[in-house]
Amino acid sequence: MKRLYRIAIPILFLVLSAAFVYFYAFSGAFSPEDAVTGYIKASMKQDSSGMVRYSSDYQKTILFGSRDFTDSAIKTQLKKSYANVENIYKDSKITFSISDVQEISSQTDEYSKVTDAFVYTAGKADFSAVTKVAVTVYVDGKQKQKSTVYAVKCGLYWYYGYIE
């Protein structure tokens, strides 16, 4: 029995470590709603790592000002930008209400519009799905803004695209 524990415990830790890396080390979100709310919250909290995590290539190009970016370069640039700016939302409770989620068919003009915007800005549109998310942002219980945002799916994960 002791021998079984000596073998099983390290294997269990290895599996848990691999699961942790798979779910948390990669960028993106598991749903379009999480990508949109994750990006908005990160931007309001001036969290450069969160902003990069949930950003599509389109948004990263906008944030960096060039197609020639790396995630670490974007984070560094954002940290420098935020260095002398007071974060008014630092201690605030930010919540969201999703009022509508619409998957955009690849056969529509709207999908083509999103694709064209990505190609024009980021130089590519390597996503497999587009979803439009209507979100209301609340800060300390008070409505702050309403937005409609396109989220895009690249591989297994969803990313913040851009505001409509």
# chains A, B, ... in the order shown; residues from 1 in each chain; ligands from 1

$ select_by_dssp --residues "region 70-150 of chain A" --states "strand (DSSP E or B)" --output "PyMOL selection string"
chain A and resi 94-104+129-139+142-150

$ write_last_selection --atoms "C-alpha atoms" --output "PDB file, in the first residue's frame"
ATOM      1  CA  ILE A  94     -16.377  46.091 -11.005  1.00  0.00           C
ATOM      2  CA  THR A  95     -19.248  43.848 -12.097  1.00  0.00           C
ATOM      3  CA  PHE A  96     -20.891  43.074 -15.411  1.00  0.00           C
ATOM      4  CA  SER A  97     -24.279  42.273 -16.845  1.00  0.00           C
ATOM      5  CA  ILE A  98     -24.413  40.489 -20.193  1.00  0.00           C
ATOM      6  CA  SER A  99     -27.663  41.345 -21.961  1.00  0.00           C
ATOM      7  CA  ASP A 100     -27.088  39.658 -25.315  1.00  0.00           C
ATOM      8  CA  VAL A 101     -24.707  37.205 -26.956  1.00  0.00           C
ATOM      9  CA  GLN A 102     -24.995  36.613 -30.703  1.00  0.00           C
ATOM     10  CA  GLU A 103     -22.828  34.292 -32.747  1.00  0.00           C
ATOM     11  CA  ILE A 104     -22.123  35.914 -36.105  1.00  0.00           C
ATOM     12  CA  ALA A 129     -15.725  32.330 -34.908  1.00  0.00           C
ATOM     13  CA  VAL A 130     -17.049  35.779 -34.068  1.00  0.00           C
ATOM     14  CA  THR A 131     -19.530  36.578 -31.317  1.00  0.00           C
ATOM     15  CA  LYS A 132     -21.117  39.911 -30.463  1.00  0.00           C
ATOM     16  CA  VAL A 133     -21.496  40.526 -26.722  1.00  0.00           C
ATOM     17  CA  ALA A 134     -23.643  43.311 -25.241  1.00  0.00           C
ATOM     18  CA  VAL A 135     -22.257  44.154 -21.809  1.00  0.00           C
ATOM     19  CA  THR A 136     -23.099  46.689 -19.119  1.00  0.00           C
ATOM     20  CA  VAL A 137     -20.324  47.661 -16.708  1.00  0.00           C
ATOM     21  CA  TYR A 138     -21.090  48.559 -13.094  1.00  0.00           C
ATOM     22  CA  VAL A 139     -18.622  50.215 -10.735  1.00  0.00           C
ATOM     23  CA  LYS A 142     -23.597  52.051 -10.366  1.00  0.00           C
ATOM     24  CA  GLN A 143     -23.900  51.676 -14.112  1.00  0.00           C
ATOM     25  CA  LYS A 144     -20.806  53.058 -15.805  1.00  0.00           C
ATOM     26  CA  GLN A 145     -21.119  52.116 -19.484  1.00  0.00           C
ATOM     27  CA  LYS A 146     -22.864  49.908 -22.020  1.00  0.00           C
ATOM     28  CA  SER A 147     -20.905  48.426 -24.887  1.00  0.00           C
ATOM     29  CA  THR A 148     -21.293  45.973 -27.709  1.00  0.00           C
ATOM     30  CA  VAL A 149     -18.041  44.125 -28.285  1.00  0.00           C
ATOM     31  CA  TYR A 150     -16.910  41.592 -30.868  1.00  0.00           C
TER      32      TYR A 150
END

$ select_by_dssp --residues "chain A" --states "helix (DSSP H, G or I)" --output "PyMOL selection string"
chain A and resi 2-25+32-44+48-54+57-64+71-82+109-122

$ residues_around --residues "Tyr160 (chain A)" --least-positions-apart "4" --cutoff "6 Å" --atoms "only C-alpha atoms" --output "mmCIF file with N, CA and C atoms, in the first residue's frame"
data_model
loop_
_atom_site.group_PDB
_atom_site.id
_atom_site.type_symbol
_atom_site.label_atom_id
_atom_site.label_comp_id
_atom_site.auth_asym_id
_atom_site.auth_seq_id
_atom_site.Cartn_x
_atom_site.Cartn_y
_atom_site.Cartn_z
ATOM 1 N N ALA A 35 -13.954 36.593 -22.128
ATOM 2 C CA ALA A 35 -12.917 37.369 -22.819
ATOM 3 C C ALA A 35 -13.232 38.858 -22.753
ATOM 4 N N VAL A 36 -14.480 39.211 -23.014
ATOM 5 C CA VAL A 36 -14.889 40.618 -23.016
ATOM 6 C C VAL A 36 -14.808 41.206 -21.611
ATOM 7 N N TYR A 54 -6.260 38.741 -22.612
ATOM 8 C CA TYR A 54 -7.558 38.672 -23.271
ATOM 9 C C TYR A 54 -7.609 39.386 -24.622
ATOM 10 N N SER A 55 -6.524 39.989 -25.059
ATOM 11 C CA SER A 55 -6.514 40.763 -26.307
ATOM 12 C C SER A 55 -6.306 39.882 -27.532
ATOM 13 N N SER A 56 -7.082 40.165 -28.560
ATOM 14 C CA SER A 56 -6.845 39.559 -29.870
ATOM 15 C C SER A 56 -5.654 40.263 -30.510
ATOM 16 N N ALA A 151 -16.081 39.529 -29.918
ATOM 17 C CA ALA A 151 -15.074 38.604 -29.397
ATOM 18 C C ALA A 151 -14.785 37.597 -30.501
#

$ closest_residue --among "A:Ser72, A:Ser92, A:Thr108, A:Ser128" --to "Val52 (chain A)" --atoms "only C-alpha atoms"
A:Ser72
